[in-house]
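Raw contents of input_15.cif, mmCIF, C-alpha atoms:
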data_model
#
loop_
_atom_site.group_PDB
_atom_site.id
_atom_site.type_symbol
_atom_site.label_atom_id
_atom_site.label_comp_id
_atom_site.auth_asym_id
_atom_site.auth_seq_id
_atom_site.Cartn_x
_atom_site.Cartn_y
_atom_site.Cartn_z
ATOM 1 C CA MET A 2 5.782 8.330 -17.133
ATOM 2 C CA ARG A 3 3.225 5.939 -15.653
ATOM 3 C CA ASN A 4 0.166 4.929 -17.602
ATOM 4 C CA GLU A 5 -3.353 4.789 -16.121
ATOM 5 C CA LYS A 6 -3.028 1.105 -15.299
ATOM 6 C CA THR A 7 -0.026 1.679 -12.995
ATOM 7 C CA MET A 8 -1.140 4.991 -11.466
ATOM 8 C CA LYS A 9 -2.020 4.851 -7.796
ATOM 9 C CA LYS A 10 -5.336 5.902 -6.350
ATOM 10 C CA ILE A 11 -5.350 9.326 -4.666
ATOM 11 C CA LEU A 12 -6.390 9.020 -1.010
ATOM 12 C CA GLU A 13 -9.196 11.337 0.041
ATOM 13 C CA ASN A 14 -8.898 13.912 2.818
ATOM 14 C CA GLY A 15 -10.025 12.350 6.092
ATOM 15 C CA THR A 16 -8.632 8.877 5.258
ATOM 16 C CA GLU A 17 -7.121 7.306 8.380
ATOM 17 C CA VAL A 18 -3.567 6.101 7.821
ATOM 18 C CA ILE A 19 -0.642 4.599 9.707
ATOM 19 C CA SER A 20 2.421 6.839 9.495
ATOM 20 C CA LEU A 21 5.239 4.282 9.301
ATOM 21 C CA ALA A 22 8.306 4.686 11.482
ATOM 22 C CA PRO A 23 11.277 5.998 9.467
ATOM 23 C CA ASP A 24 13.780 4.134 11.676
ATOM 24 C CA LYS A 25 13.960 1.608 14.525
ATOM 25 C CA GLU A 26 14.001 4.342 17.202
ATOM 26 C CA SER A 27 10.656 5.753 16.023
ATOM 27 C CA THR A 28 7.155 4.350 16.296
ATOM 28 C CA ASN A 29 4.244 3.978 13.905
ATOM 29 C CA VAL A 30 1.457 6.482 14.628
ATOM 30 C CA LEU A 31 -2.104 6.965 13.444
ATOM 31 C CA GLY A 32 -2.835 9.971 11.271
ATOM 32 C CA VAL A 33 -5.381 11.502 8.924
ATOM 33 C CA VAL A 34 -4.801 12.681 5.343
ATOM 34 C CA THR A 35 -5.454 16.436 5.186
ATOM 35 C CA GLY A 36 -4.320 17.150 1.618
ATOM 36 C CA HIS A 37 -2.061 16.158 -1.255
ATOM 37 C CA TYR A 38 0.020 17.605 -4.092
ATOM 38 C CA MET A 39 2.010 16.351 -7.065
ATOM 39 C CA PHE A 40 5.805 16.726 -7.285
ATOM 40 C CA ASN A 41 8.036 15.130 -9.922
ATOM 41 C CA GLY A 42 5.201 12.887 -11.041
ATOM 42 C CA ARG A 43 4.541 11.514 -7.550
ATOM 43 C CA THR A 44 1.694 12.160 -5.147
ATOM 44 C CA HIS A 45 2.736 13.547 -1.767
ATOM 45 C CA TYR A 46 0.355 13.829 1.183
ATOM 46 C CA TYR A 47 -0.097 15.998 4.223
ATOM 47 C CA VAL A 48 -0.801 13.710 7.186
ATOM 48 C CA HIS A 49 -1.930 15.100 10.564
ATOM 49 C CA VAL A 50 -0.793 12.975 13.538
ATOM 50 C CA GLU A 51 -1.441 13.195 17.283
ATOM 51 C CA GLU A 52 1.479 12.110 19.454
ATOM 52 C CA SER A 53 2.267 12.290 23.168
ATOM 53 C CA GLU A 54 4.304 15.475 22.532
ATOM 54 C CA GLY A 55 1.340 17.089 20.717
ATOM 55 C CA SER A 56 0.104 17.143 17.157
ATOM 56 C CA SER A 57 2.059 17.679 13.979
ATOM 57 C CA ASP A 58 1.538 17.755 10.245
ATOM 58 C CA LEU A 59 3.795 15.523 8.164
ATOM 59 C CA ASP A 60 4.644 15.987 4.503
ATOM 60 C CA SER A 61 4.668 12.322 3.505
ATOM 61 C CA GLN A 62 5.869 10.598 0.392
ATOM 62 C CA GLU A 63 3.711 8.429 -1.781
ATOM 63 C CA TYR A 64 1.182 6.103 -0.146
ATOM 64 C CA GLY A 65 2.756 2.795 0.790
ATOM 65 C CA GLU A 66 6.276 4.172 1.250
ATOM 66 C CA ASP A 67 5.845 6.387 4.332
ATOM 67 C CA PHE A 68 2.353 5.372 5.380
ATOM 68 C CA GLY A 69 -0.411 2.857 4.779
ATOM 69 C CA MET A 70 -4.168 2.731 5.231
ATOM 70 C CA VAL A 71 -5.550 1.631 8.584
ATOM 71 C CA PRO A 72 -6.644 -1.993 8.068
ATOM 72 C CA THR A 73 -10.331 -2.802 8.321
ATOM 73 C CA LYS A 74 -9.935 -6.433 7.231
ATOM 74 C CA PHE A 75 -7.224 -9.075 6.863
ATOM 75 C CA VAL A 76 -7.541 -11.956 4.378
ATOM 76 C CA ASN A 77 -5.232 -14.912 4.983
ATOM 77 C CA LEU A 78 -3.750 -16.175 1.705
ATOM 78 C CA THR A 79 -1.437 -18.743 3.357
ATOM 79 C CA PRO A 80 -2.259 -22.467 3.633
ATOM 80 C CA HIS A 81 -2.570 -22.376 7.451
ATOM 81 C CA ASP A 82 -4.273 -20.339 10.176
ATOM 82 C CA ILE A 83 -2.282 -17.409 11.576
ATOM 83 C CA LYS A 84 -2.490 -16.825 15.340
ATOM 84 C CA LEU A 85 -1.472 -13.546 16.969
ATOM 85 C CA ASN A 86 -0.025 -13.385 20.475
ATOM 86 C CA ASP A 87 -3.261 -11.735 21.679
ATOM 87 C CA GLY A 88 -5.221 -14.860 20.632
ATOM 88 C CA THR A 89 -6.697 -13.448 17.418
ATOM 89 C CA ILE A 90 -6.801 -16.111 14.705
ATOM 90 C CA TYR A 91 -6.924 -15.417 10.973
ATOM 91 C CA PRO A 92 -8.185 -18.630 9.369
ATOM 92 C CA ALA A 93 -6.825 -19.755 6.026
ATOM 93 C CA SER A 94 -9.180 -18.425 3.329
ATOM 94 C CA GLY A 95 -8.827 -21.429 1.040
ATOM 95 C CA LYS A 96 -6.958 -19.321 -1.542
ATOM 96 C CA VAL A 97 -3.166 -19.469 -1.365
ATOM 97 C CA ALA A 98 -0.951 -16.806 -2.924
ATOM 98 C CA ARG A 99 2.135 -18.451 -4.379
ATOM 99 C CA VAL A 100 5.221 -17.470 -6.303
ATOM 100 C CA ALA A 101 7.731 -19.591 -8.185
ATOM 101 C CA ASN A 102 11.404 -18.835 -7.965
ATOM 102 C CA THR A 103 14.533 -19.767 -9.860
ATOM 103 C CA PHE A 104 18.169 -19.280 -8.999
ATOM 104 C CA SER A 105 21.319 -18.227 -10.793
ATOM 105 C CA ASN A 106 24.339 -20.488 -10.777
ATOM 106 C CA PHE A 107 26.533 -20.438 -7.670
ATOM 107 C CA CYS A 108 29.726 -18.429 -7.773
ATOM 108 C CA CYS A 109 31.907 -18.440 -4.648
ATOM 109 C CA GLY A 110 28.977 -20.082 -2.847
ATOM 110 C CA ILE A 111 26.511 -17.286 -3.700
ATOM 111 C CA SER A 112 23.400 -17.459 -5.887
ATOM 112 C CA LYS A 113 20.710 -14.896 -6.726
ATOM 113 C CA VAL A 114 16.968 -15.623 -6.519
ATOM 114 C CA PHE A 115 14.596 -14.567 -9.309
ATOM 115 C CA TYR A 116 10.854 -14.483 -8.629
ATOM 116 C CA GLY A 117 8.087 -15.321 -11.066
ATOM 117 C CA ASP A 118 4.605 -13.828 -11.082
ATOM 118 C CA ILE A 119 2.562 -14.020 -7.899
ATOM 119 C CA GLU A 120 -0.480 -16.258 -8.374
ATOM 120 C CA ASN A 121 -3.899 -16.151 -6.670
ATOM 121 C CA LEU A 122 -3.594 -12.562 -5.472
ATOM 122 C CA PRO A 123 -6.961 -10.749 -5.387
ATOM 123 C CA GLU A 124 -7.367 -7.201 -6.670
ATOM 124 C CA PRO A 125 -6.673 -4.506 -4.045
ATOM 125 C CA GLU A 126 -9.604 -3.463 -1.868
ATOM 126 C CA ASP A 127 -9.571 -0.311 0.303
ATOM 127 C CA GLY A 128 -8.743 -1.115 3.930
ATOM 128 C CA THR A 129 -8.012 -4.800 3.207
ATOM 129 C CA TYR A 130 -4.583 -6.276 3.833
ATOM 130 C CA TYR A 131 -3.680 -9.692 2.442
ATOM 131 C CA ILE A 132 -1.613 -12.025 4.635
ATOM 132 C CA VAL A 133 0.945 -13.826 2.465
ATOM 133 C CA SER A 134 4.081 -15.890 3.025
ATOM 134 C CA ALA A 135 7.427 -14.155 3.535
ATOM 135 C CA MET A 136 8.510 -15.425 0.106
ATOM 136 C CA VAL A 137 5.474 -13.887 -1.632
ATOM 137 C CA LEU A 138 6.093 -10.596 0.207
ATOM 138 C CA ALA A 139 9.787 -10.678 -0.818
ATOM 139 C CA ALA A 140 8.762 -11.255 -4.443
ATOM 140 C CA GLU A 141 6.448 -8.234 -4.307
ATOM 141 C CA LYS A 142 9.134 -6.047 -2.685
ATOM 142 C CA SER A 143 11.620 -7.030 -5.410
ATOM 143 C CA LYS A 144 9.547 -5.161 -8.014
ATOM 144 C CA PRO A 145 10.293 -1.511 -8.852
ATOM 145 C CA SER A 146 8.508 0.654 -6.247
ATOM 146 C CA GLN A 147 6.030 2.151 -8.715
ATOM 147 C CA TYR A 148 4.684 -1.347 -9.445
ATOM 148 C CA GLN A 149 4.543 -2.650 -5.858
ATOM 149 C CA ARG A 150 1.330 -3.265 -4.002
ATOM 150 C CA HIS A 151 1.161 -1.937 -0.470
ATOM 151 C CA ASP A 152 -1.609 -4.163 0.843
ATOM 152 C CA LEU A 153 0.467 -7.312 1.457
ATOM 153 C CA VAL A 154 1.732 -8.304 4.900
ATOM 154 C CA SER A 155 3.518 -11.346 6.246
ATOM 155 C CA PRO A 156 3.507 -12.837 9.761
ATOM 156 C CA ALA A 157 6.284 -11.277 11.883
ATOM 157 C CA THR A 158 8.075 -14.601 12.443
ATOM 158 C CA GLY A 159 11.460 -12.954 13.005
ATOM 159 C CA HIS A 160 10.200 -10.507 15.649
ATOM 160 C CA PRO A 161 11.601 -11.064 19.174
ATOM 161 C CA ASP A 162 8.034 -11.384 20.541
ATOM 162 C CA CYS A 163 7.241 -14.317 18.234
ATOM 163 C CA LYS A 164 6.181 -17.287 20.402
ATOM 164 C CA ARG A 165 7.677 -20.730 19.776
ATOM 165 C CA GLU A 166 7.137 -24.137 21.333
ATOM 166 C CA ASN A 167 9.492 -27.033 20.642
ATOM 167 C CA GLY A 168 11.076 -25.026 17.832
ATOM 168 C CA PHE A 169 7.747 -24.333 16.072
ATOM 169 C CA ILE A 170 6.035 -20.966 15.766
ATOM 170 C CA VAL A 171 2.722 -20.946 17.648
ATOM 171 C CA SER A 172 1.896 -17.208 17.394
ATOM 172 C CA VAL A 173 3.271 -13.913 16.150
ATOM 173 C CA PRO A 174 2.919 -10.384 17.567
ATOM 174 C CA GLY A 175 1.569 -9.033 14.254
ATOM 175 C CA PHE A 176 2.521 -8.532 10.637
ATOM 176 C CA VAL A 177 5.316 -6.856 8.646
ATOM 177 C CA LEU A 178 4.973 -4.848 5.439
#

Go ahead and express the file in the form of structure tokens.
Amino acid sequence: MRNEKTMKKILENGTEVISLAPDKESTNVLGVVTGHYMFNGRTHYYVHVEESEGSSDLDSQEYGEDFGMVPTKFVNLTPHDIKLNDGTIYPASGKVARVANTFSNFCCGISKVFYGDIENLPEPEDGTYYIVSAMVLAAEKSKPSQYQRHDLVSPATGHPDCKRENGFIVSVPGFVL
């Protein structure tokens, strides 16, 4: 059972959210929280979405797994500016989120990475997403799901619409969770 420190905030009815695509054939859609209930110690939400085929009500899992809040602000915690393909620039904030890693010994050419604590990560703030490096995001995603934050994103450098010049990334189409 989770203690108060690890319990997640209940989203209020009317909160705008992004319903995350369950697979690569689906798309992310905007929705609104219309209610919630508890099941097996987890908060589930009803999310109303409008799509081209009409509207529907989704019974979504816990916040951060099936949906996320609509961002109102991005804070760049990388050491360099991030440029989107549409020209939007997120300047480096001066704070850099970092994580140390160590590795197991190699066996048959394979090693496992172990992440330390993430440093310089601000406390969560409603509607704010923090831009971090892919390694910091991987470290966060390696934690058990009940302890993961859902406000970290990383530049989509592996996306096919990522723009490169002379082998260097010059802009990305957006961010990945």

- Nearest to Val71 in chain A, restricted to all atoms listed in the file and choosing among A:Ala140, A:Cys163, A:Val33, A:Ile11, comes out as A:Val33

- Item | Best match for closeness to Leu153 in chain A among A:Ile170, A:Leu21, A:Ala93, A:Val76, counting only C-alpha atoms | A:Val76

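Here CA of Arg99 in chain A is placed at a distance of 29.0 Å from CA of Leu12 in chain A.
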
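The list of residues within 9 Å of (-2.8, 11.3, 10.0), counted using only C-alpha atoms, is A:Gly15, A:Thr16, A:Glu17, A:Val18, A:Ile19, A:Ser20, A:Val30, A:Leu31, A:Gly32, A:Val33, A:Val34, A:Thr35, A:Tyr47, A:Val48, A:His49, A:Val50, A:Glu51, A:Ser57, A:Asp58, A:Leu59.
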
- For this file, the PyMOL selection byres ((chain A and resi 132) around 12) selects which residues, as a count of residues only? 42

- Message: Need the shell around His37 in chain A: protein/DNA/RNA residues with any atom at most 8 Å away, counting only C-alpha atoms. Skip same-chain ones fewer than 4 positions apart. Format as an MDAnalysis selection string?
- Response: chainID A and resid 44:47

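In this structure, CA of Arg43 in chain A sits 13.0 Å away from CA of Tyr148 in chain A.
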
- Task: Record the distance separating CA of Thr73 in chain A and CA of Pro145 in chain A, expressed in Å with one decimal.
- Result: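 Separation between CA of Thr73 in chain A and CA of Pro145 in chain A: 26.9 Å.
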
- Which one is closest to Asn121 in chain A: A:Cys109, A:Val100, A:Met39, A:Ala139? Count all atoms listed in the file.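 Checking each candidate against Asn121 in chain A, we get A:Val100 as the closest.
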
- Message: Env of Phe115 in chain A: 8 Å cut, atoms = all atoms listed in the file, seq-sep filter 6 positions within chain, self excluded. Answer as a list of chain:residue names.
- Response: A:Asn102, A:Thr103, A:Phe104, A:Ser105

- Which one is closest to Gly42 in chain A: A:Val173, A:Asn106, A:Gln147, A:Arg165? Count all atoms listed in the file.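 That would be A:Gln147, the residue with the smallest distance to Gly42 in chain A.
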
Taking all atoms of range 31-40 of chain A that the file lists and extending 5 Å past them on each side, where is the centre of the axis-aligned box and how long are its edges? Answer in Å to one decimal, as JSON.
{"center_x": 0.2, "center_y": 12.3, "center_z": 3.1, "size_x": 21.3, "size_y": 20.6, "size_z": 30.7}

Saved range 133-152 of chain A from the preceding structure, N, CA and C atoms, as a CSV table (one decimal), in the first residue's frame:
chain,number,residue,atom,x,y,z
A,133,VAL,N,14.0,17.1,-20.4
A,133,VAL,CA,15.3,16.4,-19.9
A,133,VAL,C,15.9,15.6,-21.0
A,134,SER,N,17.2,15.2,-20.7
A,134,SER,CA,17.9,14.4,-21.7
A,134,SER,C,17.2,13.0,-21.8
A,135,ALA,N,17.5,12.3,-22.8
A,135,ALA,CA,16.9,10.9,-23.0
A,135,ALA,C,17.4,10.0,-21.9
A,136,MET,N,18.7,10.2,-21.4
A,136,MET,CA,19.2,9.4,-20.3
A,136,MET,C,18.4,9.6,-19.0
A,137,VAL,N,18.1,10.9,-18.7
A,137,VAL,CA,17.4,11.2,-17.5
A,137,VAL,C,16.0,10.6,-17.6
A,138,LEU,N,15.3,10.7,-18.8
A,138,LEU,CA,14.0,10.2,-19.0
A,138,LEU,C,14.0,8.6,-18.8
A,139,ALA,N,15.1,8.0,-19.4
A,139,ALA,CA,15.2,6.5,-19.2
A,139,ALA,C,15.4,6.1,-17.8
A,140,ALA,N,16.1,6.9,-17.0
A,140,ALA,CA,16.3,6.7,-15.6
A,140,ALA,C,15.0,6.7,-14.8
A,141,GLU,N,14.2,7.7,-15.2
A,141,GLU,CA,12.9,7.9,-14.5
A,141,GLU,C,12.0,6.7,-14.9
A,142,LYS,N,12.0,6.3,-16.2
A,142,LYS,CA,11.1,5.2,-16.6
A,142,LYS,C,11.6,3.9,-16.1
A,143,SER,N,12.8,3.8,-15.6
A,143,SER,CA,13.3,2.5,-15.0
A,143,SER,C,12.7,2.3,-13.6
A,144,LYS,N,12.1,3.3,-13.0
A,144,LYS,CA,11.6,3.1,-11.6
A,144,LYS,C,10.3,2.4,-11.7
A,145,PRO,N,9.9,1.7,-10.6
A,145,PRO,CA,8.5,1.1,-10.6
A,145,PRO,C,7.5,2.2,-10.9
A,146,SER,N,6.4,1.8,-11.6
A,146,SER,CA,5.4,2.8,-12.1
A,146,SER,C,4.8,3.7,-11.1
A,147,GLN,N,4.6,3.1,-9.9
A,147,GLN,CA,4.0,3.9,-8.8
A,147,GLN,C,4.9,5.0,-8.3
A,148,TYR,N,6.2,5.0,-8.6
A,148,TYR,CA,7.1,6.0,-8.2
A,148,TYR,C,7.6,6.9,-9.3
A,149,GLN,N,7.1,6.7,-10.5
A,149,GLN,CA,7.5,7.5,-11.7
A,149,GLN,C,6.8,8.8,-11.7
A,150,ARG,N,7.5,9.9,-12.2
A,150,ARG,CA,6.9,11.1,-12.5
A,150,ARG,C,6.4,11.1,-13.9
A,151,HIS,N,5.3,11.8,-14.2
A,151,HIS,CA,4.8,11.9,-15.5
A,151,HIS,C,4.8,13.2,-16.2
A,152,ASP,N,5.8,14.1,-15.7
A,152,ASP,CA,5.9,15.4,-16.2
A,152,ASP,C,7.3,15.6,-16.8
